[in-house]
There are 2 protein chains.
Amino acid sequence: MQERAVRTRQLLLQAAAEEFDACGYAATGLSKIAKRAGVTVGSLYFHFESKEGIAKAVMQAQPQSIEPYLDTQGLQRLVDITRVWAQQLLRDPLLRAGVRLSVEQGGFGVHDVTSFVQWRDVMEECLRDARESGELLPGVDPAMVAEFIVSACTGVQLYAQLVNEREDLPERTVEMWRLLLPGIATPGTLPRIDLEPRGES
Amino acid sequence: MQERAVRTRQLLLQAAAEEFDACGYAATGLSKIAKRAGVTVGSLYFHFESKEGIAKAVMQAQPQSIEPYLDTQGLQRLVDITRVWAQQLLRDPLLRAGVRLSVEQGGFGVHDVTSFVQWRDVMEECLRDARESGELLPGVDPAMVAEFIVSACTGVQLYAQLVNEREDLPERTVEMWRLLLPGIATPGTLPRIDLEPRGES
């Protein structure tokens with residue numbers, strides 16, 4: 001794609017995310033997305049074939065809101081993914097909309113596991129690195145643990161959203177790790193993992 | 001309420017659950033619920049003030065699908081709640097609809113944390129019993145752990161639903177406990193906890 005087309009697509013994705021984050025899937029119209037992005041509806045249809053198509057693109061853009069902030073490896077990287085995620089979910093419309101649509105998708109007739117699998121793959125890679133560095137207890141299965149972390153994070157953010165609009169999500173994420181790490185990390189690795197909520201980056 | 005009114009309310013709740021489970025909130029109409037229950041729409045309005053009202057009642061009926069099956073205490077009871085829940089989610093429309101509506105509620109403009117708090121309270125009580133029986137590691141906070149288990153179960157069932165219609169939810173629930181118990185239970189308690197998926201009851 002040409003540079004301008006790439007930029008327009010990103011503008012549309014961002015505009016769609018802002019609408020979906022604020023209003024949900026059902027109440028969001030394509031003309032409102034196009035208007036917010038400053039492009040025509042025809043241009044929107046050049047980039048996305050339908051409302052469902054743009055919603056799926058928003059859902060699948062989640063990891064790109066996190067990965068630029070990471071510079072660690074292994075188990076610390078896995079923890080850091082969730083620390084950055086907990087902070088970004090308070091303020092990044094693209095991530096917020098992606099999470100919202102992924103959770104609510106059954107309500108508007110979409111069934112797309114892609115975003116969950118993307119997260120699973122990113123996390124499984126961290127756990128495989130951790131295994132190679134000797135950070136994991138014997139018997140810990142990277143794929144299984146990665147699926148559980150994705151699942152648990154999904155549930156933790158939903159609970160936090162319902163009780164306090166996710167205000168304490170960073171602390172809930174730390175508590176999750178305090179519970180989980182003894183079943184995952186070797187005793188020698190445990191004290192080296194930095195769990196404090198990650199501040200503004 | 002008179003016995004007949006109680007029975008009619010239960011029929012309506014069951015009929016609503018079957019519709020919500022199969023079609024979701026948006027596609028379910030009150031007249032279809034009334035027809036399925038074999039009552040008039042007027043009778044439905046005598047028991048529930050709106051579609052939102054009956055959806056909230058379905059969401060809040062979740063624990064009643066589980067508690068009759070439990071006869072254990074403390075940490076084993078907490079594990080058993082999730083084992084029965086994982087089995088019942090494969091076949092009980094009232095529980096399935098309650099979970100579905102609780103997760104998707106943001107998509108139809110409802111914000112009701114009640115069902116999550118109900119589960120939190122049930123689980124926190126198990127953890128307080130476990131604490132009194134010396135089953136918990138020092139520093140384990142029953143309220144915090146209970147909120148995490150509710151959150152994790154919510155996410156685990158959503159993930160399982162998207163990948164295989166929850167077919168392996170009982171096994172995922174066991175894996176969750178294998179990961180979590182080392183951070184919760186004393187070493188002496190661990191081998192006494194029965195984790196096998198609970199069969200048909």
# chains A, B, ... in the order shown; residues from 1 in each chain; ligands from 1

call {"tool": "interface_residues", "arguments": {"of": "chain A", "to": "chain B", "cutoff": "9 Å", "atoms": "only C-alpha atoms", "output": "NGL selection string"}}
result
:A and (23-26 or 100-101 or 103-109 or 111-113 or 116 or 140 or 144-145 or 147-160 or 162-163 or 172 or 175-176 or 178-184)

call {"tool": "select_by_dssp", "arguments": {"residues": "range 34-139 of chain B", "states": "helix (DSSP H, G or I)", "output": "PyMOL selection string"}}
result
chain B and resi 34-37+41-47+51-60+62-65+67-69+74-88+93-108+114-132

call {"tool": "closest_residue", "arguments": {"among": "A:Glu3, A:Glu52, A:Asp80, A:Asp92", "to": "Ala22 in chain A", "atoms": "only C-alpha atoms"}}
result
A:Asp92

call {"tool": "residues_around", "arguments": {"residues": "Ala97 in chain B", "least_positions_apart": "2", "cutoff": "8 Å", "atoms": "only C-alpha atoms", "output": "list in words"}}
result
Ala17, Glu18, Phe20, Asp21, Val58, Met59, Pro93, Leu94, Leu95, Val99, Arg100 and Leu101 of chain B

call {"tool": "atom_distance", "arguments": {"atom1": "CA of Gly188 in chain B", "atom2": "CA of Glu171 in chain B"}}
result
23.9 Å

call {"tool": "residues_around", "arguments": {"residues": "Tyr69 in chain A", "least_positions_apart": "6", "cutoff": "10 Å", "atoms": "only C-alpha atoms", "output": "PDB file with C-alpha atoms, in the first residue's frame"}}
result
ATOM      1  CA  ASP A  80       5.490  -6.502  31.653  1.00  0.00           C
ATOM      2  CA  ILE A  81       3.008  -7.223  28.842  1.00  0.00           C
ATOM      3  CA  VAL A  84       1.644  -2.154  30.206  1.00  0.00           C
ATOM      4  CA  TRP A  85      -1.738  -3.601  29.142  1.00  0.00           C
ATOM      5  CA  SER A 201       5.910   5.583  29.913  1.00  0.00           C
TER       6      SER A 201
END

call {"tool": "atom_distance", "arguments": {"atom1": "CA of Arg36 in chain B", "atom2": "CA of Gly53 in chain B"}}
result
17.7 Å

call {"tool": "residues_around", "arguments": {"residues": "Glu125 in chain B", "least_positions_apart": "4", "cutoff": "9 Å", "atoms": "only C-alpha atoms", "output": "JSON, numbers by chain"}}
result
{"B": [74, 78, 120, 121, 129, 130, 142, 143, 146]}

call {"tool": "write_last_selection", "arguments": {"atoms": "N, CA and C atoms", "output": "PDB file, in the first residue's frame"}}
result
ATOM      1  N   GLY B  74     -14.648 -25.626  52.787  1.00  0.00           N
ATOM      2  CA  GLY B  74     -13.340 -24.986  52.654  1.00  0.00           C
ATOM      3  C   GLY B  74     -12.834 -24.957  51.224  1.00  0.00           C
ATOM      4  N   LEU B  78     -14.588 -24.755  47.371  1.00  0.00           N
ATOM      5  CA  LEU B  78     -14.286 -23.741  46.352  1.00  0.00           C
ATOM      6  C   LEU B  78     -13.958 -24.414  45.013  1.00  0.00           C
ATOM      7  N   ARG B 120     -18.444 -13.898  44.093  1.00  0.00           N
ATOM      8  CA  ARG B 120     -17.337 -13.483  44.974  1.00  0.00           C
ATOM      9  C   ARG B 120     -17.681 -13.848  46.436  1.00  0.00           C
ATOM     10  N   ASP B 121     -18.915 -13.524  46.860  1.00  0.00           N
ATOM     11  CA  ASP B 121     -19.312 -13.786  48.251  1.00  0.00           C
ATOM     12  C   ASP B 121     -19.311 -15.282  48.566  1.00  0.00           C
ATOM     13  N   ASP B 129     -13.641 -20.214  55.523  1.00  0.00           N
ATOM     14  CA  ASP B 129     -13.671 -21.534  56.172  1.00  0.00           C
ATOM     15  C   ASP B 129     -12.305 -22.209  56.051  1.00  0.00           C
ATOM     16  N   ALA B 130     -11.713 -22.106  54.847  1.00  0.00           N
ATOM     17  CA  ALA B 130     -10.399 -22.720  54.616  1.00  0.00           C
ATOM     18  C   ALA B 130      -9.365 -22.100  55.549  1.00  0.00           C
ATOM     19  N   PRO B 142      -8.672 -13.772  51.548  1.00  0.00           N
ATOM     20  CA  PRO B 142      -9.848 -14.446  50.972  1.00  0.00           C
ATOM     21  C   PRO B 142     -10.639 -13.577  49.989  1.00  0.00           C
ATOM     22  N   ALA B 143     -10.847 -12.293  50.303  1.00  0.00           N
ATOM     23  CA  ALA B 143     -11.654 -11.452  49.406  1.00  0.00           C
ATOM     24  C   ALA B 143     -10.943 -11.258  48.068  1.00  0.00           C
ATOM     25  N   ALA B 146     -10.906 -14.529  46.100  1.00  0.00           N
ATOM     26  CA  ALA B 146     -12.252 -14.818  45.587  1.00  0.00           C
ATOM     27  C   ALA B 146     -12.528 -13.977  44.338  1.00  0.00           C
TER      28      ALA B 146
END
